[in-house]
Structure formats: structure tokens, C-alpha cells
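File shown: work-v6.csv (CSV, C-alpha atoms).
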```csv
chain,number,residue,atom,x,y,z
A,208,MET,CA,18.3,0.5,-4.7
A,209,SER,CA,20.9,2.1,-7.0
A,210,ARG,CA,23.0,5.2,-6.7
A,211,ARG,CA,21.2,6.6,-9.7
A,212,GLY,CA,17.8,5.9,-8.2
A,213,VAL,CA,18.6,7.7,-5.0
A,214,LEU,CA,20.1,10.8,-6.6
A,215,ALA,CA,17.6,11.2,-9.4
A,216,GLY,CA,15.1,14.0,-9.4
A,217,ALA,CA,17.0,16.8,-7.7
A,218,GLY,CA,19.6,17.4,-10.4
A,219,ALA,CA,22.1,15.6,-8.2
A,220,LEU,CA,23.7,13.4,-10.8
A,221,ALA,CA,25.3,16.5,-12.4
A,222,THR,CA,26.9,17.6,-9.2
A,223,ALA,CA,27.5,14.3,-7.4
A,224,ALA,CA,31.3,14.6,-8.0
A,225,CYS,CA,31.2,17.7,-5.8
A,226,VAL,CA,29.7,15.9,-2.9
A,227,PRO,CA,32.0,14.5,-0.2
A,228,ARG,CA,32.1,10.7,-0.2
A,229,SER,CA,32.2,8.5,2.9
A,230,GLY,CA,35.0,9.8,5.2
A,231,GLY,CA,34.0,13.4,4.5
A,232,ARG,CA,31.6,15.3,6.6
A,233,GLY,CA,28.6,13.8,4.9
A,234,LEU,CA,25.2,15.3,5.7
A,235,ARG,CA,23.4,16.3,8.9
A,236,PHE,CA,19.7,15.6,9.5
A,237,TRP,CA,17.5,16.8,12.3
A,238,ALA,CA,14.0,15.4,13.1
A,239,MET,CA,11.6,15.4,16.0
A,240,SER,CA,9.7,12.8,18.0
A,241,TYR,CA,9.5,9.2,16.6
A,242,GLU,CA,10.8,10.5,13.2
A,243,GLY,CA,14.1,11.5,14.8
A,244,ASP,CA,14.4,8.4,16.8
A,245,TYR,CA,13.8,6.0,13.9
A,246,ALA,CA,15.3,7.9,11.0
A,247,PRO,CA,18.7,6.3,11.3
A,248,LEU,CA,17.1,3.0,10.2
A,249,LEU,CA,16.3,4.6,6.8
A,250,MET,CA,19.9,5.9,6.2
A,251,THR,CA,21.7,2.6,5.6
A,252,ALA,CA,20.4,2.2,2.0
A,253,PHE,CA,21.2,5.9,1.3
A,254,THR,CA,24.7,5.6,2.5
A,255,ARG,CA,25.2,2.3,0.7
A,256,ALA,CA,24.0,3.8,-2.6
A,257,THR,CA,25.8,7.2,-2.4
A,258,GLY,CA,28.7,6.7,-0.1
A,259,LEU,CA,27.4,9.6,2.0
A,260,ASP,CA,27.1,9.3,5.8
A,261,VAL,CA,24.2,11.0,7.4
A,262,ASP,CA,24.5,12.3,11.0
A,263,VAL,CA,21.0,12.1,12.5
A,264,GLN,CA,20.0,14.1,15.5
A,265,SER,CA,16.6,13.5,17.3
A,266,VAL,CA,15.4,16.8,18.7
A,267,PRO,CA,12.8,17.0,21.5
A,268,TRP,CA,9.6,18.8,20.4
A,269,THR,CA,9.8,21.2,23.4
A,270,ALA,CA,13.2,22.5,22.2
A,271,ALA,CA,12.8,22.2,18.5
A,272,HIS,CA,11.6,25.6,17.5
A,273,GLU,CA,14.1,27.5,19.5
A,274,LYS,CA,17.0,25.2,18.5
A,275,LEU,CA,16.2,25.6,14.8
A,276,LEU,CA,16.0,29.4,15.1
A,277,THR,CA,19.2,29.5,17.1
A,278,ALA,CA,20.9,27.3,14.5
A,279,GLN,CA,19.7,29.6,11.7
A,280,ALA,CA,21.0,32.7,13.5
A,281,GLY,CA,24.4,31.0,14.1
A,282,GLY,CA,24.7,29.6,10.6
A,283,SER,CA,24.6,26.0,11.8
A,284,LEU,CA,21.4,24.6,10.5
A,285,PRO,CA,21.7,21.0,9.3
A,286,ASP,CA,21.5,20.2,5.6
A,287,VAL,CA,18.1,18.6,5.9
A,288,PHE,CA,15.6,19.0,8.7
A,289,MET,CA,12.0,18.2,9.6
A,290,LEU,CA,9.4,20.9,10.1
A,291,PRO,CA,5.8,20.7,11.0
A,292,ALA,CA,3.7,22.3,8.3
A,293,GLY,CA,2.8,25.2,10.5
A,294,TRP,CA,6.4,26.4,10.7
A,295,ILE,CA,7.2,26.4,7.0
A,296,GLY,CA,6.0,30.0,6.4
A,297,GLU,CA,8.2,31.3,9.2
A,298,PHE,CA,11.3,29.6,8.1
A,299,ALA,CA,10.7,30.6,4.5
A,300,MET,CA,10.2,34.2,5.6
A,301,ILE,CA,13.6,34.4,7.4
A,302,GLY,CA,15.4,32.7,4.5
A,303,ALA,CA,16.3,29.5,6.3
A,304,ILE,CA,15.0,27.0,3.8
A,305,ALA,CA,15.5,26.6,0.1
A,306,PRO,CA,12.6,26.2,-2.4
A,307,VAL,CA,12.0,22.8,-3.8
A,308,PRO,CA,14.0,22.6,-7.0
A,309,ALA,CA,12.1,20.0,-9.0
A,310,PRO,CA,8.3,19.4,-9.4
A,311,ALA,CA,8.9,15.6,-9.3
A,312,LEU,CA,9.8,15.9,-5.6
A,313,VAL,CA,6.2,16.9,-4.7
A,314,ALA,CA,4.3,14.9,-7.3
A,315,ASP,CA,2.2,11.9,-6.3
A,316,LEU,CA,0.9,13.4,-3.0
A,317,VAL,CA,-2.3,12.9,-1.2
A,318,PRO,CA,-4.6,15.8,-2.1
A,319,GLY,CA,-4.4,18.7,0.3
A,320,VAL,CA,-1.1,17.9,2.0
A,321,LEU,CA,1.0,20.1,-0.3
A,322,ALA,CA,-0.8,23.4,0.4
A,323,PRO,CA,0.9,24.1,3.8
A,324,ALA,CA,4.3,23.6,2.1
A,325,ARG,CA,3.7,26.5,-0.3
A,326,VAL,CA,4.5,30.1,0.5
A,327,GLY,CA,3.2,32.4,-2.2
A,328,ALA,CA,3.9,30.8,-5.5
A,329,ARG,CA,6.8,28.6,-4.3
A,330,THR,CA,7.0,25.2,-2.5
A,331,TYR,CA,9.5,25.1,0.3
A,332,ALA,CA,9.1,21.6,1.7
A,333,VAL,CA,8.3,18.0,0.8
A,334,PRO,CA,5.5,16.4,2.9
A,335,TRP,CA,6.8,13.3,4.7
A,336,SER,CA,3.8,12.1,6.7
A,337,VAL,CA,0.3,13.0,7.6
A,338,ALA,CA,-1.4,12.7,11.0
A,339,PRO,CA,-5.0,13.6,11.2
A,340,GLN,CA,-6.9,12.9,14.3
A,341,VAL,CA,-9.7,10.4,14.6
A,342,GLN,CA,-11.5,8.9,17.6
A,343,PHE,CA,-10.2,5.7,19.1
A,344,TYR,CA,-13.0,4.0,21.0
A,345,ARG,CA,-13.5,1.0,23.2
A,346,ARG,CA,-15.8,-1.4,21.3
A,347,ASP,CA,-16.6,-3.4,24.5
A,348,LEU,CA,-17.6,-0.4,26.5
A,349,LEU,CA,-19.8,1.1,23.8
A,350,ALA,CA,-21.5,-2.3,23.3
A,351,GLU,CA,-22.5,-2.2,27.0
A,352,VAL,CA,-24.8,0.7,26.2
A,353,GLY,CA,-26.0,-0.5,22.8
A,354,TYR,CA,-23.5,1.2,20.4
A,355,ASP,CA,-21.5,-0.6,17.7
A,356,ALA,CA,-19.5,2.5,17.0
A,357,PRO,CA,-19.5,6.1,18.2
A,358,PRO,CA,-22.1,8.5,16.7
A,359,GLN,CA,-20.8,10.9,14.1
A,360,ASP,CA,-22.6,14.1,15.3
A,361,TRP,CA,-22.1,16.1,18.5
A,362,ALA,CA,-25.6,15.5,19.8
A,363,GLY,CA,-25.3,11.8,19.4
A,364,TRP,CA,-21.8,11.8,20.9
A,365,ARG,CA,-23.0,13.5,24.0
A,366,ARG,CA,-26.0,11.2,24.3
A,367,MET,CA,-23.7,8.2,24.1
A,368,GLY,CA,-21.4,9.9,26.7
A,369,HIS,CA,-24.3,10.2,29.2
A,370,ALA,CA,-25.3,6.6,28.6
A,371,LEU,CA,-21.8,5.5,29.4
A,372,LYS,CA,-21.5,7.8,32.4
A,373,ARG,CA,-24.8,6.4,33.9
A,374,ARG,CA,-23.4,2.9,33.5
A,375,ARG,CA,-19.9,3.8,34.8
A,376,PRO,CA,-20.4,6.8,37.0
A,377,ASP,CA,-16.8,6.7,38.5
A,378,GLU,CA,-15.1,6.8,35.1
A,379,PHE,CA,-14.9,9.4,32.3
A,380,VAL,CA,-16.0,9.0,28.7
A,381,PHE,CA,-13.7,11.3,26.7
A,382,LEU,CA,-9.9,11.5,27.1
A,383,MET,CA,-9.4,15.2,26.1
A,384,LEU,CA,-6.7,16.7,28.4
A,385,LEU,CA,-6.6,20.5,28.6
A,386,ASN,CA,-3.1,21.0,27.2
A,387,TRP,CA,-3.9,18.9,24.2
A,388,PRO,CA,-5.7,21.4,22.0
A,389,GLY,CA,-6.2,19.1,19.0
A,390,ALA,CA,-9.8,18.1,19.9
A,391,LEU,CA,-10.9,21.8,20.4
A,392,LEU,CA,-9.2,22.9,17.2
A,393,GLY,CA,-11.0,20.1,15.4
A,394,MET,CA,-14.3,21.2,16.8
A,395,LEU,CA,-13.6,24.8,15.7
A,396,PHE,CA,-12.9,23.9,12.1
A,397,GLN,CA,-15.7,21.4,11.9
A,398,SER,CA,-18.1,24.1,13.1
A,399,GLY,CA,-17.1,26.1,10.1
A,400,ALA,CA,-15.4,28.8,12.1
A,401,ARG,CA,-13.0,31.0,10.2
A,402,LEU,CA,-10.6,31.9,12.9
A,403,LEU,CA,-8.8,34.9,11.4
A,404,ARG,CA,-10.3,37.9,9.4
A,405,ASP,CA,-9.1,41.0,7.5
A,406,HIS,CA,-6.6,39.2,5.4
A,407,ASP,CA,-5.5,37.0,8.4
A,408,THR,CA,-4.5,40.1,10.4
A,409,ARG,CA,-7.1,39.9,13.3
A,410,GLY,CA,-8.7,37.3,15.4
A,411,ASN,CA,-12.2,36.1,14.5
A,412,PHE,CA,-13.3,34.1,17.4
A,413,ARG,CA,-16.4,36.0,18.4
A,414,THR,CA,-18.6,34.3,15.8
A,415,PRO,CA,-21.6,32.0,16.3
A,416,GLU,CA,-19.6,29.1,14.8
A,417,ALA,CA,-16.7,29.5,17.2
A,418,ARG,CA,-19.0,30.0,20.2
A,419,ALA,CA,-20.9,26.8,19.3
A,420,ALA,CA,-17.6,24.8,19.3
A,421,PHE,CA,-16.5,26.3,22.6
A,422,ALA,CA,-19.9,25.6,24.1
A,423,PHE,CA,-19.9,22.0,23.1
A,424,TYR,CA,-16.3,21.6,24.3
A,425,LEU,CA,-17.1,23.1,27.7
A,426,SER,CA,-20.2,20.9,28.1
A,427,LEU,CA,-18.1,17.7,28.0
A,428,TYR,CA,-16.2,18.9,31.0
A,429,ALA,CA,-19.1,20.6,32.8
A,430,GLU,CA,-21.2,17.4,32.6
A,431,GLY,CA,-18.4,15.2,33.9
A,432,LEU,CA,-17.8,13.4,30.6
A,433,ALA,CA,-14.1,14.5,30.4
A,434,PRO,CA,-11.6,15.1,33.2
A,435,VAL,CA,-10.6,18.7,34.1
A,436,ALA,CA,-6.9,17.7,34.0
A,437,LEU,CA,-3.6,18.2,32.2
A,438,SER,CA,-1.5,15.5,30.7
A,439,THR,CA,0.9,15.8,33.6
A,440,GLU,CA,-2.0,14.6,35.8
A,441,VAL,CA,-2.6,11.4,33.8
A,442,GLN,CA,0.6,9.4,34.0
A,443,ASP,CA,-0.2,6.9,31.2
A,444,PRO,CA,-3.1,7.8,28.9
A,445,LEU,CA,-2.7,4.5,27.0
A,446,ALA,CA,-2.9,2.4,30.2
A,447,ALA,CA,-6.0,4.4,31.3
A,448,PHE,CA,-7.6,3.7,27.9
A,449,GLY,CA,-6.8,0.1,28.2
A,450,GLN,CA,-8.2,0.0,31.8
A,451,GLY,CA,-11.5,1.4,30.6
A,452,ARG,CA,-11.0,4.8,32.4
A,453,TYR,CA,-12.1,6.4,29.1
A,454,ALA,CA,-14.1,5.1,26.2
A,455,ILE,CA,-13.3,7.7,23.5
A,456,TRP,CA,-9.8,9.1,22.8
A,457,PRO,CA,-9.3,11.6,19.9
A,458,SER,CA,-5.8,10.9,18.7
A,459,GLY,CA,-3.5,10.5,15.8
A,460,PRO,CA,-2.1,7.5,13.9
A,461,THR,CA,1.0,7.0,16.1
A,462,THR,CA,-1.5,5.7,18.7
A,463,LEU,CA,-2.0,2.7,16.4
A,464,LEU,CA,1.6,1.7,17.0
A,465,ASP,CA,1.3,2.3,20.7
A,466,LEU,CA,-1.8,0.1,20.9
A,467,SER,CA,-0.2,-2.7,18.9
A,468,ARG,CA,2.8,-2.7,21.3
A,469,ARG,CA,0.5,-3.1,24.3
A,470,GLN,CA,-1.9,-5.8,23.1
A,471,ALA,CA,-1.6,-7.6,26.5
A,472,GLU,CA,-3.3,-4.6,28.1
A,473,ILE,CA,-5.9,-4.0,25.4
A,474,PRO,CA,-6.4,-6.7,22.7
A,475,PRO,CA,-7.2,-5.4,19.2
A,476,ASP,CA,-10.8,-6.7,19.3
A,477,ARG,CA,-11.6,-4.3,22.1
A,478,TRP,CA,-11.0,-1.0,20.2
A,479,GLY,CA,-11.7,0.6,16.9
A,480,THR,CA,-11.4,3.9,15.1
A,481,ALA,CA,-13.9,6.3,13.6
A,482,GLN,CA,-13.8,9.8,12.2
A,483,LEU,CA,-14.3,12.6,14.7
A,484,ALA,CA,-17.8,13.6,15.4
A,485,GLY,CA,-18.9,17.0,14.0
A,486,PRO,CA,-21.9,19.3,14.5
A,487,ARG,CA,-23.9,17.4,11.9
A,488,GLY,CA,-21.4,14.7,11.0
A,489,PRO,CA,-17.7,14.4,10.2
A,490,GLY,CA,-16.1,17.5,8.7
A,491,PRO,CA,-12.6,18.9,8.0
A,492,VAL,CA,-10.1,18.8,10.8
A,493,PRO,CA,-6.5,20.0,10.8
A,494,ALA,CA,-3.8,17.4,10.1
A,495,ILE,CA,-0.3,17.5,11.5
A,496,ASN,CA,1.9,17.3,8.5
A,497,ALA,CA,5.6,16.5,8.9
A,498,CYS,CA,7.7,18.0,6.1
A,499,LEU,CA,11.3,17.9,5.1
A,500,CYS,CA,13.2,21.0,4.2
A,501,VAL,CA,16.7,21.8,2.9
A,502,SER,CA,18.8,24.5,4.5
A,503,ALA,CA,19.2,27.5,2.2
A,504,ALA,CA,22.9,27.6,3.4
A,505,THR,CA,23.8,23.9,2.8
A,506,ALA,CA,27.1,23.4,1.0
A,507,HIS,CA,25.7,20.3,-0.6
A,508,PRO,CA,22.2,21.0,-2.0
A,509,ALA,CA,22.2,18.2,-4.6
A,510,ALA,CA,23.0,15.6,-1.9
A,511,ALA,CA,20.6,17.2,0.5
A,512,TRP,CA,17.7,17.0,-2.0
A,513,ALA,CA,18.7,13.5,-2.8
A,514,LEU,CA,18.3,12.6,0.8
A,515,VAL,CA,14.8,14.2,0.9
A,516,ARG,CA,13.9,12.2,-2.2
A,517,HIS,CA,15.1,9.0,-0.5
A,518,LEU,CA,13.2,9.6,2.8
A,519,THR,CA,10.0,10.6,1.1
A,520,SER,CA,9.8,7.8,-1.3
A,521,ALA,CA,6.7,5.6,-1.1
A,522,ALA,CA,8.8,2.7,0.1
A,523,ASN,CA,10.3,4.6,3.0
A,524,GLU,CA,7.1,6.2,4.0
A,525,LEU,CA,5.6,2.7,4.2
A,526,ARG,CA,8.6,1.6,6.3
A,527,PHE,CA,8.0,4.5,8.7
A,528,GLN,CA,4.3,3.6,8.8
A,529,ARG,CA,5.3,0.2,10.1
A,530,MET,CA,7.8,1.5,12.5
A,531,ILE,CA,6.1,4.6,14.0
A,532,GLY,CA,2.6,4.6,12.7
A,533,THR,CA,2.6,7.9,10.7
A,534,LEU,CA,0.7,7.8,7.5
A,535,PRO,CA,2.2,8.3,4.1
A,536,ALA,CA,2.0,11.6,2.2
A,537,ARG,CA,2.6,9.8,-1.1
A,538,ALA,CA,-0.6,8.7,-2.8
A,539,SER,CA,1.0,5.7,-4.4
A,540,ALA,CA,1.9,4.3,-0.9
A,541,TRP,CA,-1.8,3.9,-0.1
A,542,HIS,CA,-2.2,1.0,-2.6
A,543,VAL,CA,-0.8,-1.6,-0.2
A,544,PRO,CA,-3.3,-4.0,1.4
A,545,ARG,CA,-2.3,-3.1,5.0
A,546,LEU,CA,-3.6,0.5,4.5
A,547,ALA,CA,-7.0,-0.8,3.3
A,548,GLY,CA,-8.1,-2.2,6.6
A,549,PRO,CA,-11.0,-1.0,8.8
A,550,VAL,CA,-8.7,0.6,11.4
A,551,ILE,CA,-7.0,2.8,8.8
A,552,ALA,CA,-10.1,3.6,6.8
A,553,PRO,CA,-11.2,6.6,9.1
A,554,PHE,CA,-7.8,8.1,8.7
A,555,ALA,CA,-7.9,7.8,5.0
A,556,ALA,CA,-11.4,9.4,4.9
A,557,GLN,CA,-10.2,12.2,7.2
A,558,MET,CA,-7.2,12.9,4.9
A,559,LEU,CA,-9.6,13.7,2.1
A,560,SER,CA,-11.2,16.3,4.4
A,561,VAL,CA,-8.4,18.3,5.9
A,562,ALA,CA,-9.1,21.8,7.2
A,563,PRO,CA,-6.9,24.5,5.8
A,564,VAL,CA,-5.3,26.2,8.8
A,565,PRO,CA,-4.4,29.9,8.5
A,566,MET,CA,-1.2,30.3,6.6
A,567,VAL,CA,0.5,32.8,8.9
A,568,VAL,CA,3.8,32.3,10.7
A,569,GLU,CA,2.1,33.2,14.0
A,570,TRP,CA,-0.3,30.3,13.9
A,571,GLU,CA,1.7,28.2,16.5
A,572,ARG,CA,1.5,31.1,19.0
A,573,ILE,CA,-2.2,31.6,18.3
A,574,GLN,CA,-2.9,27.9,19.1
A,575,ILE,CA,-1.2,28.3,22.4
A,576,GLU,CA,-3.3,31.3,23.3
A,577,VAL,CA,-6.5,29.4,22.3
A,578,GLN,CA,-5.4,26.5,24.6
A,579,LEU,CA,-4.7,28.7,27.5
A,580,VAL,CA,-7.9,30.6,27.3
A,581,ALA,CA,-9.9,27.4,26.8
A,582,GLU,CA,-8.5,26.0,30.0
A,583,ARG,CA,-9.6,29.1,31.9
A,584,ILE,CA,-13.1,28.7,30.5
A,585,VAL,CA,-13.3,25.0,31.5
A,586,ARG,CA,-12.0,25.8,35.0
A,587,GLY,CA,-14.8,28.4,35.4
A,588,LEU,CA,-12.3,31.4,35.6
A,589,THR,CA,-14.0,33.2,32.7
A,590,THR,CA,-17.1,32.9,30.6
A,591,ILE,CA,-17.1,31.7,26.9
A,592,ASP,CA,-17.9,35.2,25.7
A,593,GLN,CA,-15.2,36.8,27.8
A,594,GLY,CA,-12.8,34.1,26.7
A,595,LEU,CA,-13.5,34.6,23.0
A,596,ALA,CA,-13.0,38.4,23.4
A,597,ALA,CA,-9.7,37.7,25.2
A,598,ILE,CA,-8.6,35.4,22.4
A,599,ASP,CA,-9.4,38.0,19.8
A,600,ALA,CA,-7.4,40.6,21.8
A,601,ARG,CA,-4.4,38.3,22.2
A,602,VAL,CA,-4.5,37.3,18.5
A,603,ASP,CA,-4.8,40.9,17.4
A,604,ALA,CA,-1.6,41.7,19.4
A,605,ILE,CA,0.2,38.7,18.0
A,606,LEU,CA,-0.7,39.8,14.5
A,607,ALA,CA,0.1,43.5,14.9
A,608,LYS,CA,3.3,43.3,12.8
A,609,ARG,CA,1.6,41.3,10.1
A,610,ARG,CA,-1.2,43.8,10.1
A,611,ALA,CA,1.1,46.7,9.6
A,612,LEU,CA,2.9,44.9,6.7
A,613,VAL,CA,-0.4,44.2,5.0
A,614,GLU,CA,-1.7,47.7,5.5
A,615,ALA,CA,1.6,49.0,4.0
A,616,GLY,CA,1.2,46.7,1.0
A,617,ALA,CA,4.5,44.8,1.9
A,618,ILE,CA,2.7,41.4,2.0
A,619,THR,CA,-0.7,40.2,0.9
```
Could you spell out this file's structure in C-alpha cells?
Amino acid sequence: MSRRGVLAGAGALATAACVPRSGGRGLRFWAMSYEGDYAPLLMTAFTRATGLDVDVQSVPWTAAHEKLLTAQAGGSLPDVFMLPAGWIGEFAMIGAIAPVPAPALVADLVPGVLAPARVGARTYAVPWSVAPQVQFYRRDLLAEVGYDAPPQDWAGWRRMGHALKRRRPDEFVFLMLLNWPGALLGMLFQSGARLLRDHDTRGNFRTPEARAAFAFYLSLYAEGLAPVALSTEVQDPLAAFGQGRYAIWPSGPTTLLDLSRRQAEIPPDRWGTAQLAGPRGPGPVPAINACLCVSAATAHPAAAWALVRHLTSAANELRFQRMIGTLPARASAWHVPRLAGPVIAPFAAQMLSVAPVPMVVEWERIQIEVQLVAERIVRGLTTIDQGLAAIDARVDAILAKRRALVEAGAIT
């Protein structure tokens, strides 16, 4: 890798002389989860080619949003940082992130992954990885009741669940913990529910589609197919899956890495992957897209965008796929043989059918409200109809400021 190759594409060559060399302050980079833990391994080549040191900080997910907002308020954001796609609109709105300066940075992407990085007519982030959910399943357990793979529709999913429950009455079938809302959100989008209305200013959960998704979700708990439990009550979900406590686990691609590390507990021939079941077959589900942004206040924009280009190259996205299991956002990275195997195929298919989540900065808060009300429904503290009305009321309150701005014509 050459210095020219690393700095190309962001106009960095013209200003490289203005960037501090090794021994200066270099660049700062923040990322969350596995990305933050393993990002230092991608920095050696960048430093070798540019002379720029990169100070990497891994930020816990639970503190990330507040930490980033506090850093913005205090003028101390890092030069480059990771954002989940759902936060991009918020950080663009408050002026924290700079728009992408060159179309080449967002070329060659898997279809659909760029949309969440756009706010209005401008692109504010470069997708780094994609993590749609699929269902991980125990081949051996399903074979005991005559299934080669899980059914792809809800009715078949539940029939299979009851067959497994009859054979193994002391175990559960589906690992869907109440504070993991991904499965429920997937069901809502697969049902065709449009969750916001009136230009995304009000909740829209009291619809037949949303009610059908909640009813199916509730049935899995009410019929003893999923545990009425939080993640804090299941110490090691991976071990439970390996021990056969659950046969189906909706999860993302990082679980591939976790399973490969624990082959002694669950050999590869005992599990497989399939697209999530939908009302009448697989449909669009949300994907967790990790994106890279550059601070609007960085003193070294050319070097910052060069770092983004380096990290989001097909080669480095493939390195990350090996290290942490996340899937590449670059379409060209998908041509390697290891991403053509049967375990990856359901992820690839799901990436072609990604549900467009509402592009409002309040979406993260809305998801939390959906999760909290869904837990009350599952625990029998409220009915589905009461719960959907409560979600609409809470969402209407969350969106009150946005509604006022839309009604005033300040935003569209």
C-alpha cells in the first residue's frame, strides 16, 4: 500500500503538507463494540504509508451516544468516528459531521446501504459494515422433528416450534430476549407495517399489519416457545444455544465469529443459517449499518477523509469480516470465495431486502419505547390494543418538536 493510494480520493494529496507527521498529534478515532476493539489492527498500514499516528478509543455502546453529544458540545469530537446509521440524521442536524466530499468514497456499495447515510440531498457518512439479522438454527435438533431447515413463514415457524416443544418440553425453541428488540422490529417490517405517518410526525402502530406482528410475537411467549426473560437472566446465550436450550436464534453476523471460536461446544455441522421467517416468506428487515463520519470541526479534514477511505476499502472490510464477523458494505468485497458459502448466503440475500427505517433523528428513542411496551404486553400487564395505543401516544410525544417544525414548513 502506497502513500498515494491511502490519501487518494478525498483531495488529500493537495493538502498533505498541512497535515502533522508522526510525532505531531496525528488523528483521533472512536468506534464502538468489536469495531473499536479491533480497529487498531487496521491502523499500522495507514501510519506506515502516511506517517500519521491514529489514537483509537473503543467506546462502550451504552455510553456512546451521550459521550459523542458531550464531545460535540465541548468541541472535543475525534477527527473520525463511527456512528450507527440511525444516528446520522441527528449528528448532521446539530452540525457535528461534515458531508462526504467526494463521490468516490461512497461508490461501489451494496445496494440499499447508502440511503441511511443521506440527509436531504447530501451524504454525511461512509458505510463501513452491514449486519442484517438471520436465524441461526440447530440442524441436529430440527432433524429430530423432520426438518432440514427452518420454515420461511410464520405459520410454519410456529408449527416447527410446537413439534420441537413436544419433543423437548423442558427447553425453549426461540432465543428472543425481551430487551433485544431486533426480532420484533423485523416482524413489524416484514408484516408491511409503516410505523410512522403524517410525514413521519406521528406514530402509526394501530394498524392491522402492526397488530399482526405483535400478535405473532406474543404467541411465541404465550405458548412457551420463547422465554419471558431479559438478557441479564441468560448468562451466556451462546452456551445455551450450544447446549440445545434453544433451537432458533435470530442474530447478526458477529455471531458467526462467536460460533467459530467455540467449536468445541457446538461443532459447525450442528448449526446453520436461514433468512428470517416472515408472514408469507422472508421479507425486508432492518440492518444495523456501521458508518464512518468526519467531525465538522476537525483541523485535518484531508487526513481524516483519507483514514475513512483506508478503513472502508474492500481489503480492510474483508479483514474486519475475518476478525469480527461484520459483513462488507463494499460490493466488490463480496467477490471473494469465503463470502459465497452456504452460511453467508442468507445474509447476502437479506442484504438485498433491507427495510428502510424511518429517517428521523428520534428513531432510537422510538425503538426503546416499542421494546418497553412490548415487554409489558408479553408479561400480561397490558393488551396488544392498549399497548399499540400507548406506543402511538409515546411516539407522538417524542415527535412533537419535529411535528411543529414540519407544520411550520421548516423541514419536510
- Message: Give me, as a list of chain:residue names, all polymer residues having an atom no more than 8 Å from segment 465-476 of chain A, counting all atoms listed in the file and skipping those fewer than 4 positions away in the same chain.
- Response: A:Arg346, A:Leu445, A:Ala446, A:Gly449, A:Gln450, A:Thr461
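Of the residues under consideration (A:Pro489, A:Pro508, A:Pro306, A:Pro334), A:Pro489 shows the shortest atom-to-atom contact distance to Leu559 of chain A when counting all atoms listed in the file.
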- Item | Surrounding residues of Arg610 of chain A excluding itself and chain neighbours under 6 positions, 10 Å, only C-alpha atoms, as a VMD selection string | chain A and resid 405 to 409 603 to 604 616 618 to 619
- Task: Step by step: start from the point (1.1, 16.6, 5.2) in the file's coordinates, keep every protein, DNA or RNA residue that has an atom no farther than 8 Å from it, count all atoms listed in the file, and write the set as a PyMOL selection string.
- Result: chain A and resi 292+319-321+323+334-338+494-498+536
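Look at everything within 10 Å of (-20.1, 23.2, 14.2) using all atoms listed in the file, and the residues you get are A:Asp360, A:Trp361, A:Gly393, A:Met394, A:Leu395, A:Phe396, A:Gln397, A:Ser398, A:Gly399, A:Ala400, A:Pro415, A:Glu416, A:Ala417, A:Arg418, A:Ala419, A:Ala420, A:Phe421, A:Phe423, A:Ala484, A:Gly485, A:Pro486, A:Arg487, A:Gly488, A:Pro489, A:Gly490.
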- Neighbour list for Ala552 of chain A as a PyMOL selection string, cut-off 12 Å, all atoms listed in the file, skip fewer than 4 positions in-chain: chain A and resi 341+460+479-482+534+541+544-548+556-559
- Between atom CA of Pro308 of chain A and atom CA of Asn523 of chain A, measure the distance and give it in Å to one decimal.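 Computing the Euclidean distance for atom CA of Pro308 of chain A and atom CA of Asn523 of chain A yields 20.9 Å.
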Since the input is missing atoms, can you rebuild all heavy atoms for segment 302-307 of chain A and write them as a CSV table (one decimal), in the frame of the given file?
```csv
chain,number,residue,atom,x,y,z
A,302,GLY,N,14.4,33.2,5.4
A,302,GLY,CA,15.4,32.7,4.5
A,302,GLY,C,16.2,31.5,4.9
A,302,GLY,O,17.3,31.3,4.5
A,303,ALA,N,15.6,30.7,5.8
A,303,ALA,CA,16.3,29.5,6.3
A,303,ALA,C,16.2,28.3,5.4
A,303,ALA,O,17.1,27.5,5.5
A,303,ALA,CB,15.7,29.2,7.7
A,304,ILE,N,15.2,28.2,4.6
A,304,ILE,CA,15.0,27.0,3.8
A,304,ILE,C,15.0,27.4,2.3
A,304,ILE,O,14.5,28.4,1.9
A,304,ILE,CB,13.7,26.3,4.2
A,304,ILE,CG1,12.5,27.2,4.2
A,304,ILE,CG2,13.9,25.7,5.6
A,304,ILE,CD1,11.2,26.5,4.6
A,305,ALA,N,15.4,26.4,1.5
A,305,ALA,CA,15.5,26.6,0.1
A,305,ALA,C,14.2,26.1,-0.6
A,305,ALA,O,13.6,25.1,-0.1
A,305,ALA,CB,16.7,25.8,-0.5
A,306,PRO,N,13.8,26.7,-1.7
A,306,PRO,CA,12.6,26.2,-2.4
A,306,PRO,C,12.9,24.9,-3.0
A,306,PRO,O,14.0,24.6,-3.4
A,306,PRO,CB,12.3,27.3,-3.4
A,306,PRO,CG,13.6,28.0,-3.6
A,306,PRO,CD,14.3,27.9,-2.3
A,307,VAL,N,11.8,24.1,-3.2
A,307,VAL,CA,12.0,22.8,-3.8
A,307,VAL,C,12.4,23.0,-5.3
A,307,VAL,O,11.7,23.7,-6.0
A,307,VAL,CB,10.6,22.0,-3.7
A,307,VAL,CG1,10.7,20.7,-4.5
A,307,VAL,CG2,10.3,21.8,-2.2
```
